[in-house]
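Asks: Got data16.txt for you, compact mmCIF, C-alpha atoms:
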```txt
# COMPACT_ATOMS: atom_id res chain seq x y z
CA MET A 658 -23.39 -0.51 11.10
CA GLN A 659 -25.21 2.66 10.35
CA LEU A 660 -25.97 2.77 6.69
CA GLY A 661 -28.04 5.26 4.72
CA ALA A 662 -28.43 7.15 1.46
CA VAL A 663 -25.85 9.84 1.04
CA PRO A 664 -25.79 11.44 -2.40
CA GLN A 665 -22.27 11.83 -3.73
CA ALA A 666 -22.24 15.58 -3.15
CA HIS A 667 -18.51 15.34 -2.61
CA ARG A 668 -17.95 14.62 -6.30
CA ILE A 669 -17.05 18.10 -7.51
CA SER A 670 -15.58 19.15 -10.81
CA ASN A 671 -12.76 21.44 -9.72
CA GLY A 672 -11.12 20.78 -6.39
CA GLU A 673 -7.66 22.24 -6.92
CA ILE A 674 -6.52 24.51 -4.14
CA GLY A 675 -3.31 26.33 -3.36
CA VAL A 676 -1.29 26.05 -0.17
CA ALA A 677 -2.65 29.39 1.03
CA ASP A 678 -6.19 27.96 0.85
CA ARG A 679 -5.48 24.77 2.78
CA SER A 680 -6.26 26.05 6.27
CA GLY A 681 -9.14 24.04 7.71
CA ARG A 682 -8.80 21.23 5.16
CA PHE A 683 -7.40 17.74 5.47
CA ALA A 684 -3.86 18.03 4.11
CA TRP A 685 -2.07 14.79 5.08
CA TYR A 686 -2.94 11.21 6.00
CA GLU A 687 -0.86 8.83 8.06
CA LEU A 688 -1.11 5.11 8.67
CA LEU A 689 0.28 3.93 11.99
CA THR A 690 0.90 0.22 11.55
CA THR A 691 2.79 -2.79 12.84
CA ASP A 692 4.45 -3.66 9.50
CA VAL A 693 5.34 -0.77 7.17
CA ALA A 694 6.69 -2.95 4.36
CA ALA A 695 3.65 -5.24 4.28
CA ALA A 696 1.20 -2.33 4.55
CA GLY A 697 2.97 -0.47 1.74
CA ALA A 698 2.75 -3.49 -0.55
CA PHE A 699 -0.94 -3.95 0.30
CA TYR A 700 -1.98 -0.37 -0.52
CA ARG A 701 0.23 -0.27 -3.61
CA THR A 702 -1.88 -3.08 -5.06
CA ALA A 703 -5.30 -2.24 -3.59
CA VAL A 704 -5.32 1.53 -4.20
CA GLY A 705 -2.49 2.02 -6.68
CA TRP A 706 -0.26 4.19 -4.53
CA ASN A 707 3.48 4.45 -5.02
CA VAL A 708 5.43 3.89 -1.80
CA LYS A 709 8.88 5.42 -1.25
CA ASP A 710 11.13 5.00 1.76
CA GLU A 711 12.02 8.47 3.01
CA SER A 712 13.34 7.51 6.43
CA THR A 713 15.66 9.69 8.44
CA PRO A 714 18.18 8.52 11.06
CA GLU A 715 15.65 9.56 13.70
CA LEU A 716 12.48 8.12 12.13
CA PRO A 717 11.72 5.26 9.72
CA TYR A 718 9.06 6.66 7.36
CA ALA A 719 7.56 5.83 3.96
CA VAL A 720 5.65 8.31 1.79
CA LEU A 721 2.57 7.42 -0.25
CA ARG A 722 2.11 9.10 -3.63
CA SER A 723 -0.77 9.21 -6.06
CA GLY A 724 0.17 10.19 -9.60
CA GLY A 725 3.44 11.57 -8.27
CA ALA A 726 1.76 13.78 -5.66
CA PRO A 727 2.48 12.92 -2.01
CA LEU A 728 -0.65 12.45 0.09
CA GLY A 729 0.33 10.47 3.17
CA GLY A 730 2.84 8.43 5.09
CA LEU A 731 3.42 5.07 6.74
CA MET A 732 5.17 4.56 10.04
CA GLU A 733 5.44 1.97 12.77
CA ILE A 734 3.35 2.50 15.89
CA PRO A 735 5.83 3.87 18.45
CA GLU A 736 6.84 1.39 21.14
CA GLU A 737 5.28 3.56 23.83
CA GLY A 738 2.03 3.56 21.91
CA ARG A 739 2.05 -0.22 21.66
CA ARG A 740 2.58 -0.51 25.40
CA LEU A 741 -0.46 1.70 25.89
CA GLY A 742 -2.54 -0.51 23.61
CA ALA A 743 -2.45 1.49 20.35
CA THR A 744 -3.59 -0.47 17.31
CA PRO A 745 -3.11 0.15 13.56
CA ARG A 746 -5.15 3.10 12.33
CA TRP A 747 -5.39 5.87 9.77
CA MET A 748 -5.23 9.49 10.94
CA GLY A 749 -6.04 12.60 8.94
CA TYR A 750 -4.23 15.90 9.56
CA VAL A 751 -6.05 19.21 9.14
CA ALA A 752 -3.93 22.17 8.05
CA VAL A 753 -3.85 25.22 10.33
CA ASP A 754 -2.06 28.57 10.16
CA ASP A 755 -1.19 28.80 13.87
CA LEU A 756 -0.69 25.41 15.46
CA ASP A 757 -0.13 26.57 19.02
CA ALA A 758 -3.17 28.85 18.98
CA THR A 759 -5.32 26.08 17.51
CA ALA A 760 -4.17 23.63 20.18
CA ALA A 761 -5.07 26.16 22.86
CA GLN A 762 -8.48 26.65 21.25
CA ILE A 763 -9.08 22.89 21.28
CA ARG A 764 -8.61 22.88 25.03
CA ARG A 765 -11.00 25.82 25.42
CA LEU A 766 -13.61 24.02 23.33
CA GLY A 767 -13.41 20.86 25.44
CA GLY A 768 -11.05 18.76 23.34
CA SER A 769 -7.71 17.32 24.41
CA ILE A 770 -4.09 17.37 23.24
CA LEU A 771 -2.60 13.88 22.92
CA VAL A 772 0.71 14.92 21.33
CA PRO A 773 1.60 18.60 21.88
CA PRO A 774 2.87 20.78 19.00
CA THR A 775 6.07 19.14 17.77
CA ASP A 776 8.45 19.62 14.83
CA THR A 777 8.57 16.44 12.71
CA ASN A 778 9.65 15.19 9.29
CA ILE A 779 6.24 16.10 7.82
CA GLY A 780 5.97 19.57 9.39
CA ARG A 781 4.92 20.95 12.75
CA ILE A 782 2.14 18.72 14.05
CA ALA A 783 -0.07 17.90 17.00
CA VAL A 784 -2.34 14.93 17.67
CA VAL A 785 -5.62 15.89 19.30
CA ALA A 786 -9.10 14.63 20.14
CA ASP A 787 -12.48 16.30 19.90
CA PRO A 788 -14.71 16.55 23.02
CA GLN A 789 -16.16 13.12 22.20
CA GLU A 790 -12.65 11.57 21.90
CA ALA A 791 -12.38 11.08 18.13
CA THR A 792 -8.72 11.64 17.28
CA PHE A 793 -7.22 13.60 14.39
CA GLY A 794 -4.07 15.55 13.61
CA LEU A 795 -3.15 19.20 13.08
CA ILE A 796 -0.36 20.24 10.73
CA LYS A 797 1.27 23.57 9.91
CA GLU A 798 3.16 24.10 6.64
CA PRO A 799 3.29 20.41 5.67
CA THR A 800 6.62 19.37 4.20
CA TYR A 801 4.91 17.52 1.36
CA GLY A 802 2.13 20.07 0.81
CA ARG A 803 3.81 22.49 -1.55
CA ARG A 804 2.03 21.57 -4.75
CA LYS A 805 -1.64 21.78 -5.61
CA PRO A 806 -3.52 18.54 -5.02
CA GLY A 807 -5.53 16.77 -7.68
CA ARG A 808 -9.30 16.77 -7.87
CA PRO A 809 -11.06 15.17 -4.86
CA ASP A 810 -12.65 12.59 -7.19
CA GLU A 811 -9.33 11.69 -8.82
CA SER A 812 -8.28 8.05 -8.52
CA GLY A 813 -5.87 7.49 -5.65
CA ARG A 814 -6.91 10.58 -3.72
CA VAL A 815 -8.76 10.65 -0.41
CA GLY A 816 -12.23 11.58 -1.57
CA TRP A 817 -14.37 11.64 1.59
CA HIS A 818 -13.99 12.10 5.35
CA GLU A 819 -16.53 10.68 7.75
CA LEU A 820 -16.95 11.15 11.49
CA LEU A 821 -18.86 8.61 13.56
CA ALA A 822 -19.59 10.66 16.68
CA VAL A 823 -21.22 10.18 20.04
CA ASP A 824 -23.53 13.07 19.12
CA ARG A 825 -22.89 14.57 15.71
CA THR A 826 -25.10 17.60 16.42
CA ALA A 827 -23.17 18.56 19.53
CA VAL A 828 -19.71 17.92 18.09
CA PHE A 829 -20.37 19.82 14.87
CA ASP A 830 -20.14 23.10 16.76
CA PHE A 831 -16.63 22.15 17.91
CA TYR A 832 -15.40 21.71 14.34
CA ARG A 833 -17.22 24.82 13.12
CA GLU A 834 -15.56 26.96 15.78
CA LEU A 835 -12.18 25.33 15.26
CA PHE A 836 -11.91 25.16 11.46
CA GLY A 837 -14.82 27.20 10.13
CA TRP A 838 -16.54 24.15 8.67
CA GLN A 839 -20.11 24.73 7.54
CA LYS A 840 -23.14 22.51 7.23
CA ALA A 841 -23.84 21.49 3.66
CA ASP A 842 -27.22 20.64 2.21
CA ALA A 843 -28.00 16.97 2.57
CA GLN A 844 -30.20 17.05 -0.57
CA ASN A 845 -32.36 13.91 -0.34
CA GLU A 846 -30.80 12.69 2.89
CA PRO A 847 -32.85 13.33 6.05
CA ALA A 848 -30.85 15.82 8.12
CA ALA A 849 -31.48 13.76 11.25
CA TRP A 850 -29.38 10.91 9.84
CA TYR A 851 -26.31 12.42 8.30
CA GLN A 852 -24.80 15.89 8.22
CA LEU A 853 -22.65 16.85 5.26
CA PHE A 854 -20.01 19.50 5.94
CA SER A 855 -17.93 21.80 3.77
CA ALA A 856 -14.45 23.25 4.15
CA GLY A 857 -13.51 26.29 2.11
CA GLY A 858 -16.77 26.04 0.20
CA GLN A 859 -16.28 22.40 -0.85
CA THR A 860 -18.32 19.52 0.56
CA VAL A 861 -15.66 17.11 1.82
CA GLY A 862 -17.34 14.82 4.34
CA GLY A 863 -20.16 13.92 6.68
CA MET A 864 -20.92 13.34 10.34
CA LEU A 865 -23.06 10.58 11.78
CA THR A 866 -24.17 9.75 15.33
CA LYS A 867 -22.93 6.27 16.18
CA LEU A 868 -24.97 3.56 17.81
CA PRO A 869 -24.34 3.03 21.56
CA SER A 870 -22.89 -0.41 20.83
CA VAL A 871 -20.03 1.19 18.86
CA ALA A 872 -17.49 1.88 21.56
CA GLN A 873 -15.14 4.45 20.07
CA PRO A 874 -15.94 7.51 17.92
CA SER A 875 -13.49 7.96 15.05
CA TRP A 876 -12.80 9.32 11.58
CA LEU A 877 -12.98 7.08 8.51
CA HIS A 878 -11.27 8.03 5.23
CA TYR A 879 -12.48 6.94 1.79
CA PHE A 880 -9.88 6.24 -0.94
CA ASN A 881 -10.86 6.72 -4.58
CA VAL A 882 -10.39 3.80 -6.98
CA ASP A 883 -11.20 3.41 -10.68
CA ASP A 884 -12.84 -0.01 -10.34
CA ILE A 885 -14.42 -0.96 -7.02
CA GLY A 886 -14.73 -4.62 -8.02
CA ALA A 887 -11.04 -4.95 -8.89
CA ALA A 888 -9.99 -3.02 -5.78
CA THR A 889 -12.01 -5.21 -3.41
CA LYS A 890 -10.56 -8.33 -5.02
CA HIS A 891 -7.07 -6.94 -4.38
CA VAL A 892 -8.03 -6.26 -0.76
CA ASN A 893 -9.02 -9.89 -0.24
CA ALA A 894 -6.05 -11.27 -2.18
CA GLY A 895 -3.66 -9.08 -0.20
CA GLY A 896 -4.76 -10.37 3.18
CA GLY A 897 -7.28 -7.64 4.03
CA ARG A 898 -11.01 -8.09 4.46
CA ILE A 899 -14.13 -6.49 3.04
CA LEU A 900 -16.25 -5.72 6.07
CA GLN A 901 -19.20 -4.50 4.08
CA GLY A 902 -20.01 -3.97 0.43
CA PRO A 903 -19.54 -3.09 -2.26
CA ILE A 904 -22.78 -1.11 -1.99
CA GLU A 905 -24.16 1.11 -4.75
CA LEU A 906 -25.13 4.66 -3.82
CA PRO A 907 -28.03 6.41 -5.55
CA ASP A 908 -25.70 8.29 -7.94
CA GLY A 909 -24.11 5.05 -9.19
CA CYS A 910 -20.91 5.28 -7.15
CA TRP A 911 -19.97 2.19 -5.14
CA ILE A 912 -18.43 2.04 -1.66
CA ALA A 913 -16.86 -0.68 0.46
CA ARG A 914 -15.62 -0.63 4.06
CA CYS A 915 -12.48 -2.63 4.65
CA VAL A 916 -9.72 -3.57 7.07
CA ASP A 917 -6.09 -3.97 6.00
CA PRO A 918 -3.94 -7.01 6.97
CA GLN A 919 -2.63 -5.26 10.08
CA GLY A 920 -6.11 -4.21 11.27
CA ALA A 921 -6.49 -0.58 10.17
CA LEU A 922 -9.97 0.43 8.97
CA PHE A 923 -10.45 2.31 5.69
CA ALA A 924 -13.02 2.63 2.92
CA LEU A 925 -12.99 2.59 -0.87
CA GLN A 926 -15.23 4.40 -3.32
CA GLY A 927 -15.38 4.27 -7.09
CA ALA A 928 -17.22 3.22 -10.22
CA ARG A 929 -18.20 -0.29 -11.15
CA GLY A 930 -15.65 -1.43 -13.70
CA PRO A 931 -15.20 -4.61 -15.72
CA ALA A 932 -14.44 -6.65 -12.59
CA SER A 933 -17.52 -8.41 -11.28
CA ILE A 934 -19.13 -7.20 -8.07
CA GLU A 935 -21.07 -9.25 -5.62
CA PRO A 936 -23.48 -6.67 -4.17
CA SER A 937 -24.39 -6.66 -0.52
CA SER A 938 -27.46 -8.63 0.37
CA ALA A 939 -30.62 -6.79 1.28
CA SER A 940 -30.07 -7.73 4.90
CA GLU A 941 -26.86 -5.69 4.91
CA ILE A 942 -28.66 -2.56 3.77
CA GLY A 943 -30.10 -1.37 7.03
CA TRP A 944 -29.16 -0.74 10.62
CA SER A 945 -26.66 -2.88 12.46
CA ALA A 946 -23.92 -2.30 14.99
CA LYS A 947 -20.94 -4.18 13.63
CA TRP A 948 -19.01 -5.01 10.49
CA GLY A 949 -18.09 -8.61 11.12
CA GLY A 950 -17.37 -7.89 14.78
CA ILE A 951 -15.60 -4.56 14.09
CA ALA A 952 -17.30 -1.30 14.97
CA SER A 953 -18.82 0.48 11.99
CA HIS A 954 -17.61 3.84 10.84
CA GLY A 955 -19.86 3.96 7.80
CA ARG A 956 -22.84 5.94 6.61
CA ILE A 957 -26.45 5.25 5.75
CA VAL A 958 -27.21 3.72 2.37
CA LEU A 959 -30.78 3.30 1.22
CA PRO A 960 -31.42 0.94 -1.66
CA LYS A 961 -32.17 2.62 -4.98
CA PRO A 962 -35.90 2.58 -5.80
CA LYS A 963 -36.96 -0.08 -8.27
CA PRO A 964 -38.18 1.22 -11.63
```
With the file now loaded, output its structure as structure tokens.
Replies:
Amino acid sequence: MQLGAVPQAHRISNGEIGVADRSGRFAWYELLTTDVAAAGAFYRTAVGWNVKDESTPELPYAVLRSGGAPLGGLMEIPEEGRRLGATPRWMGYVAVDDLDATAAQIRRLGGSILVPPTDTNIGRIAVVADPQEATFGLIKEPTYGRRKPGRPDESGRVGWHELLAVDRTAVFDFYRELFGWQKADAQNEPAAWYQLFSAGGQTVGGMLTKLPSVAQPSWLHYFNVDDIGAATKHVNAGGGRILQGPIELPDGCWIARCVDPQGALFALQGARGPASIEPSSASEIGWSAKWGGIASHGRIVLPKPKP
């Protein structure tokens, strides 16, 4: 796994935005899974989300809420997707003003359209891939996006978005042209390792070039928790696995990369609370290609200097 020191520049004091300001930002998250009921129970305990069945006759669907605010959904992997080998995964949707024009622009920029613009229960969406085949979603006027979201560092929110790319330098231009994302200062992080990016003036994620041994580029989403030790214990007790961590970042925040019981990768970030933490060994803080046999989608973490 590629680990390294990334200051928590994404911890900002005022992240509230209106619907009109959402264009180019992640606005919805969706877990495609093989067992909606089991996955809902797992994340209810591990992250603290409320899960409500909001199925329609056409589509079984559950909505995830944090503090009453909807932030994502759960649905079964479609049968066709299973036949094609789709596995459980999280997908983030970026809000756009003109879905059809954005889809056309993706093609012009070398990306691909996996699911063309379609009207759904969560709004008009498309599923796409960047030129290096990392997948993500587009969404216009999200059904559940009417109210202002909480702060990005608020417990239960999605606080960080990370792309493990074939070549982060080359693919950054794609996202800049598509969404207007800008490079953000990496502060103490060497620019060659990790590129922070901002959307609408807020630093919301980073991009990293993956190792050749990691087969598939992808996005990883970090969920905020109050107590990283308690959350990781819930992950283990609920049938998930901690693939790496918890690891302390230089600003005192802790992160852990995990897999849920159905096999979807995700990450947690939060403070060290009363629950005990077993820190990663020194051997884990460095370069490697796998998390317990599963490709890494993490970032670089350098150990804090000793006093």
Asks: Would you pick out the contacts of Glu834 in chain A at 9 Å or less, using all atoms listed in the file, so that residues sharing its chain but fewer than 5 positions from it are not included, and give the list as a ChimeraX atom specification?
Replies: /A:762,766,829
Asks: How many Å lie between CA of Lys840 in chain A and CA of Gln789 in chain A, rounded to one decimal?
Replies: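 Answer for the CA of Lys840 in chain A to CA of Gln789 in chain A separation: 19.0 Å.
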Asks: Just checking: using only C-alpha atoms, which residue out of A:Val772, A:Val704, A:Ala696, A:Ile734 ends up closest to Ile885 in chain A?
Replies: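 Nearest candidate to Ile885 in chain A out of A:Val772, A:Val704, A:Ala696, A:Ile734: A:Val704.
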Asks: Go ahead and compute the interatomic distance for CA of Arg914 in chain A and CA of Ala888 in chain A, in Å to one decimal.
Replies: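 Separating CA of Arg914 in chain A from CA of Ala888 in chain A is a distance of 11.6 Å.
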Asks: If we count all atoms listed in the file, what is near Ala695 in chain A at a cut-off of 12 Å, once residues fewer than 2 positions away on the same chain are taken out, given as a tab-separated table (two decimals) with C-alpha atoms, in the frame of the given file?
Replies:
```tsv
chain	number	residue	atom	x	y	z
A	690	THR	CA	0.90	0.22	11.55
A	691	THR	CA	2.79	-2.79	12.84
A	692	ASP	CA	4.45	-3.66	9.50
A	693	VAL	CA	5.34	-0.77	7.17
A	697	GLY	CA	2.97	-0.47	1.74
A	698	ALA	CA	2.75	-3.49	-0.55
A	699	PHE	CA	-0.94	-3.95	0.30
A	700	TYR	CA	-1.98	-0.37	-0.52
A	701	ARG	CA	0.23	-0.27	-3.61
A	702	THR	CA	-1.88	-3.08	-5.06
A	708	VAL	CA	5.43	3.89	-1.80
A	719	ALA	CA	7.56	5.83	3.96
A	731	LEU	CA	3.42	5.07	6.74
A	732	MET	CA	5.17	4.56	10.04
A	733	GLU	CA	5.44	1.97	12.77
A	895	GLY	CA	-3.66	-9.08	-0.20
A	896	GLY	CA	-4.76	-10.37	3.18
A	897	GLY	CA	-7.28	-7.64	4.03
A	917	ASP	CA	-6.09	-3.97	6.00
A	918	PRO	CA	-3.94	-7.01	6.97
A	919	GLN	CA	-2.63	-5.26	10.08
```
